[in-house]
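Peer 1: Input structure: coords-v3.cif, which contains mmCIF, C-alpha atoms.
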```
data_data
loop_
_atom_site.label_atom_id
_atom_site.label_comp_id
_atom_site.auth_asym_id
_atom_site.auth_seq_id
_atom_site.Cartn_x
_atom_site.Cartn_y
_atom_site.Cartn_z
CA THR R 1 -37.08 17.04 26.27
CA GLY R 2 -36.00 14.89 29.16
CA ALA R 3 -32.46 14.47 30.34
CA GLN R 4 -30.71 11.23 29.46
CA ASN R 5 -28.58 9.36 31.93
CA VAL R 6 -25.13 8.24 30.88
CA THR R 7 -23.97 4.99 32.35
CA ALA R 8 -20.50 4.32 33.74
CA ALA R 9 -19.98 1.79 30.93
CA GLN R 10 -20.76 4.47 28.31
CA VAL R 11 -18.34 6.91 29.92
CA SER R 12 -15.68 4.22 30.04
CA GLU R 13 -16.22 3.44 26.33
CA ILE R 14 -15.98 7.12 25.36
CA TRP R 15 -12.71 7.52 27.28
CA ARG R 16 -11.31 4.29 25.80
CA TRP R 17 -11.95 5.58 22.27
CA PHE R 18 -10.83 9.13 23.04
CA GLY R 19 -7.69 8.07 24.93
CA THR R 20 -6.61 5.63 22.23
CA THR R 21 -7.23 8.24 19.54
CA LEU R 22 -5.30 10.91 21.45
CA ALA R 23 -2.39 8.49 21.86
CA ALA R 24 -2.40 7.87 18.10
CA LEU R 25 -2.37 11.62 17.45
CA ARG R 26 0.55 12.09 19.79
CA TYR R 27 2.72 9.06 19.05
CA GLN R 28 2.01 7.86 15.50
CA ARG R 29 4.04 9.83 13.03
CA PRO R 30 2.67 12.09 11.40
CA LEU R 31 -0.98 11.96 12.55
CA GLY R 32 -0.77 15.00 14.84
CA ALA R 33 0.70 17.19 12.11
CA MET R 34 -1.92 15.94 9.65
CA TRP R 35 -4.65 16.77 12.15
CA HIS R 36 -3.35 20.33 12.56
CA ALA R 37 -3.09 20.72 8.77
CA GLY R 38 -6.77 19.79 8.34
CA LEU R 39 -6.00 16.52 6.54
CA LEU R 40 -7.35 14.15 9.20
CA TYR R 41 -10.64 14.47 11.04
CA GLY R 42 -11.51 12.95 14.35
CA LEU R 43 -15.14 13.53 15.03
CA LEU R 44 -16.91 13.04 11.72
CA LYS R 45 -19.49 10.31 11.53
CA ARG R 46 -19.81 8.06 8.51
CA ASP R 47 -22.96 9.90 7.36
CA ASP R 48 -21.16 13.28 7.54
CA VAL R 49 -18.30 11.91 5.45
CA GLU R 50 -20.69 10.53 2.87
CA ARG R 51 -22.41 13.94 2.60
CA ALA R 52 -19.02 15.64 2.16
CA LEU R 53 -18.16 13.21 -0.64
CA ALA R 54 -21.55 13.45 -2.37
CA ASN R 55 -21.18 14.76 -5.94
CA GLN R 56 -17.37 14.59 -5.76
CA PRO R 57 -15.47 12.96 -8.63
CA PRO R 58 -13.99 9.46 -8.33
CA GLY R 59 -10.71 9.41 -6.40
CA THR R 60 -11.79 12.06 -3.89
CA PHE R 61 -11.22 10.92 -0.31
CA VAL R 62 -11.50 11.92 3.35
CA LEU R 63 -9.39 10.69 6.28
CA ARG R 64 -10.98 10.27 9.69
CA PHE R 65 -10.58 8.32 12.88
CA SER R 66 -12.79 5.26 12.97
CA GLU R 67 -15.82 5.43 15.24
CA THR R 68 -15.59 1.73 16.06
CA ASN R 69 -11.85 0.98 15.93
CA ALA R 70 -10.26 3.39 18.37
CA GLY R 71 -7.08 5.05 17.15
CA GLN R 72 -7.33 3.63 13.62
CA VAL R 73 -7.79 5.74 10.51
CA GLY R 74 -10.50 5.14 7.96
CA VAL R 75 -10.40 6.32 4.36
CA ALA R 76 -13.72 7.14 2.76
CA TYR R 77 -13.43 7.59 -0.99
CA VAL R 78 -15.46 7.88 -4.15
CA ALA R 79 -14.85 4.67 -6.12
CA ALA R 80 -14.15 4.78 -9.84
CA GLU R 81 -16.74 2.09 -10.49
CA GLY R 82 -20.22 3.49 -10.00
CA GLY R 83 -19.15 6.57 -8.03
CA ARG R 84 -20.17 4.90 -4.77
CA VAL R 85 -18.60 6.04 -1.49
CA ARG R 86 -16.52 3.21 -0.04
CA HIS R 87 -14.88 2.95 3.37
CA TYR R 88 -11.50 1.36 4.04
CA LEU R 89 -9.95 0.86 7.48
CA VAL R 90 -6.18 1.29 7.37
CA THR R 91 -4.78 -1.74 9.17
CA PRO R 92 -1.56 -2.05 11.15
CA SER R 93 -0.15 -4.29 8.40
CA ASP R 94 -0.72 -1.45 5.89
CA ILE R 95 1.55 0.86 7.85
CA ALA R 96 3.40 -0.25 10.99
CA GLY R 97 4.04 -3.80 9.82
CA ALA R 98 5.32 -2.43 6.53
CA LYS R 99 7.36 0.24 8.38
CA ARG R 100 5.77 3.09 6.48
CA SER R 101 3.62 5.99 7.55
CA LEU R 102 -0.04 6.53 6.76
CA CYS R 103 1.04 9.14 4.20
CA ASP R 104 3.43 6.73 2.49
CA PHE R 105 0.59 4.19 2.27
CA LEU R 106 -1.86 6.76 0.85
CA HIS R 107 0.72 8.05 -1.61
CA GLU R 108 1.05 4.54 -3.08
CA GLN R 109 -2.70 4.09 -3.61
CA ALA R 110 -3.58 5.21 -7.15
CA GLN R 111 -7.33 5.20 -6.44
CA PHE R 112 -6.91 8.16 -4.04
CA THR R 113 -6.30 11.37 -6.02
CA THR R 114 -7.92 14.32 -4.27
CA LEU R 115 -8.09 14.85 -0.51
CA LEU R 116 -10.87 16.95 0.99
CA ARG R 117 -9.05 19.28 3.40
CA TYR R 118 -11.07 20.47 6.39
CA ALA R 119 -11.18 24.10 7.47
CA VAL R 120 -13.53 26.42 9.31
CA ASP R 121 -14.76 29.54 7.55
CA PRO R 122 -13.60 32.35 9.87
CA SER R 123 -16.44 34.64 8.83
CA ASN R 124 -19.24 32.36 10.02
CA GLY R 125 -17.64 29.32 11.70
CA THR R 126 -19.00 26.78 9.24
CA PRO R 127 -16.87 23.80 8.30
CA THR R 128 -15.68 23.66 4.71
CA PHE R 129 -14.00 20.98 2.65
CA THR R 130 -11.50 22.07 0.02
CA PRO R 131 -10.41 19.60 -2.66
CA THR R 132 -6.61 19.37 -2.70
CA ALA R 133 -4.49 17.19 -4.99
CA LYS R 134 -3.20 14.25 -2.94
CA ASP R 135 0.44 14.89 -3.84
CA ASP R 136 0.14 18.54 -2.75
CA ALA R 137 -1.65 17.67 0.49
CA LEU R 138 0.84 14.96 1.48
CA ARG R 139 4.03 16.57 0.14
CA ASP R 140 5.42 17.48 3.57
CA PHE R 141 4.61 14.05 5.04
CA VAL R 142 5.75 11.51 2.44
CA ARG R 143 9.25 10.07 2.75
CA PRO R 144 11.43 10.34 -0.34
CA PRO R 145 11.87 7.00 -2.09
CA LYS R 146 14.88 4.96 -0.99
CA ARG R 147 17.75 4.99 -3.41
CA ASN R 148 19.29 1.75 -4.63
CA ALA R 149 22.63 0.86 -3.12
CA SER R 150 24.20 1.33 -6.57
CA GLU R 151 22.92 4.93 -6.63
CA THR R 152 24.28 5.75 -3.16
CA GLU R 153 27.37 7.87 -3.24
CA THR R 154 30.24 6.78 -1.04
CA PRO R 155 31.81 9.71 0.81
CA GLU R 156 35.43 10.45 0.08
CA GLY R 157 37.78 8.31 2.14
CA TYR R 158 35.27 5.44 2.48
CA GLU R 159 34.60 2.33 0.44
CA PRO R 160 31.24 0.80 -0.46
CA LEU R 161 30.21 -2.40 1.34
CA ALA R 162 31.55 -5.50 -0.38
CA MET R 163 29.81 -8.84 -0.57
#
```
Represent the structure of the file as structure tokens.

Peer 2:
Amino acid sequence: TGAQNVTAAQVSEIWRWFGTTLAALRYQRPLGAMWHAGLLYGLLKRDDVERALANQPPGTFVLRFSETNAGQVGVAYVAAEGGRVRHYLVTPSDIAGAKRSLCDFLHEQAQFTTLLRYAVDPSNGTPTFTPTAKDDALRDFVRPPKRNASETETPEGYEPLAM
């Protein structure tokens, strides 16, 4: 096999994607923690994700960084209708514009029920995907629901806000 030359433009594109993705891991709450917990993958291609989801029940999903939209997260999931694998790109309006985290967004989506958690088998180094109930997988990352003002207790010595 002959060696292939990599152009400066290709190197620049790789670093643009990688740098943007690293910034998302570092600065977008809680992507870094999700990455370390095996809930978010960075270097899985669409075909690899579709193989991981093959023969999984509807509602099973995988989170990965998009290959084409640097720093953005894609959700691949088995759809209820027809069992086809579908791909959804989480948009800024789904999370940042709505002032909620990726986990809050996922928690609200009823079509996502079981997350495939990534791990490496220590005995042979092969990657494995373990189905984990969404609520269990995201438990440490989802914000508790906001309480209504009427449910908020006023500390002793203070009065509630009046209209």

Peer 1: Might you spell out which residues the PyMOL selection byres ((chain R and resi 78) around 8) would select in the displayed file, as a ChimeraX atom specification?

Peer 2: /R:53,56-61,76-77,79-80,83-86

Peer 1: So that I can see what lies close to Tyr118 (chain R), please list as a ChimeraX atom specification the residues with an atom at most 12 Å from it, counting all atoms listed in the file and leaving out residues fewer than 4 positions away in the same chain.

Peer 2: /R:34-44,49,52,61-64,126-132,137

Peer 1: Taking the file as shown, find all residues satisfying the PyMOL selection byres ((chain R and resi 18) around 12) and write them as a PyMOL selection string.

Peer 2: chain R and resi 11-17+19-25+42-43+65-72

Peer 1: Which of these, R:Val73, R:Leu102, R:Val142, R:Ala133, has the shortest distance to Leu89 (chain R) once you count all atoms listed in the file?

Peer 2: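 Smallest distance to Leu89 (chain R) is found for R:Val73.
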
Peer 1: Between CA of Gln28 (chain R) and CA of Lys134 (chain R), measure the distance and give it in Å to one decimal.

Peer 2: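 Here the two named atoms are 20.2 Å from each other.
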
Peer 1: Got a sec to resolve the PyMOL selection byres ((chain R and resi 94) around 12) on this structure and send the residues as number ranges by chain?

Peer 2: R: 72-74, 88-93, 95-106, 108-109

Peer 1: For the selection just defined, write its residues with C-alpha atoms to a file, as a PDB file, in the frame of the given file.

Peer 2:
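Output below, filename selection26.pdb:
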```pdb
ATOM      1  CA  GLN R  72      -7.330   3.630  13.620  1.00  0.00           C
ATOM      2  CA  VAL R  73      -7.790   5.740  10.510  1.00  0.00           C
ATOM      3  CA  GLY R  74     -10.500   5.140   7.960  1.00  0.00           C
ATOM      4  CA  TYR R  88     -11.500   1.360   4.040  1.00  0.00           C
ATOM      5  CA  LEU R  89      -9.950   0.860   7.480  1.00  0.00           C
ATOM      6  CA  VAL R  90      -6.180   1.290   7.370  1.00  0.00           C
ATOM      7  CA  THR R  91      -4.780  -1.740   9.170  1.00  0.00           C
ATOM      8  CA  PRO R  92      -1.560  -2.050  11.150  1.00  0.00           C
ATOM      9  CA  SER R  93      -0.150  -4.290   8.400  1.00  0.00           C
ATOM     10  CA  ILE R  95       1.550   0.860   7.850  1.00  0.00           C
ATOM     11  CA  ALA R  96       3.400  -0.250  10.990  1.00  0.00           C
ATOM     12  CA  GLY R  97       4.040  -3.800   9.820  1.00  0.00           C
ATOM     13  CA  ALA R  98       5.320  -2.430   6.530  1.00  0.00           C
ATOM     14  CA  LYS R  99       7.360   0.240   8.380  1.00  0.00           C
ATOM     15  CA  ARG R 100       5.770   3.090   6.480  1.00  0.00           C
ATOM     16  CA  SER R 101       3.620   5.990   7.550  1.00  0.00           C
ATOM     17  CA  LEU R 102      -0.040   6.530   6.760  1.00  0.00           C
ATOM     18  CA  CYS R 103       1.040   9.140   4.200  1.00  0.00           C
ATOM     19  CA  ASP R 104       3.430   6.730   2.490  1.00  0.00           C
ATOM     20  CA  PHE R 105       0.590   4.190   2.270  1.00  0.00           C
ATOM     21  CA  LEU R 106      -1.860   6.760   0.850  1.00  0.00           C
ATOM     22  CA  GLU R 108       1.050   4.540  -3.080  1.00  0.00           C
ATOM     23  CA  GLN R 109      -2.700   4.090  -3.610  1.00  0.00           C
TER      24      GLN R 109
END
```

Peer 1: CA of Gln10 (chain R) and CA of Asp47 (chain R) are how many Å apart?

Peer 2: 21.8 Å

Peer 1: CA of His107 (chain R) to CA of Pro30 (chain R): how many Å, to one decimal?

Peer 2: 13.8 Å

Peer 1: Put a box with edges along x, y and z around all the listed atoms of region 49-57 of chain R, pad it by 5 Å on each side, then give me its centre and sizes in Å, one decimal, as AutoDock Vina command-line options.

Peer 2:
```
--center_x -18.9 --center_y 13.1 --center_z -1.6 --size_x 16.9 --size_y 15.1 --size_z 24.1
```

Peer 1: For a quick check of understanding, using only C-alpha atoms, which of R:Pro122, R:Pro155, R:Thr113, R:Ala33 has the smallest distance to Asp140 (chain R)?

Peer 2: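 Closest to Asp140 (chain R), using only C-alpha atoms: R:Ala33.
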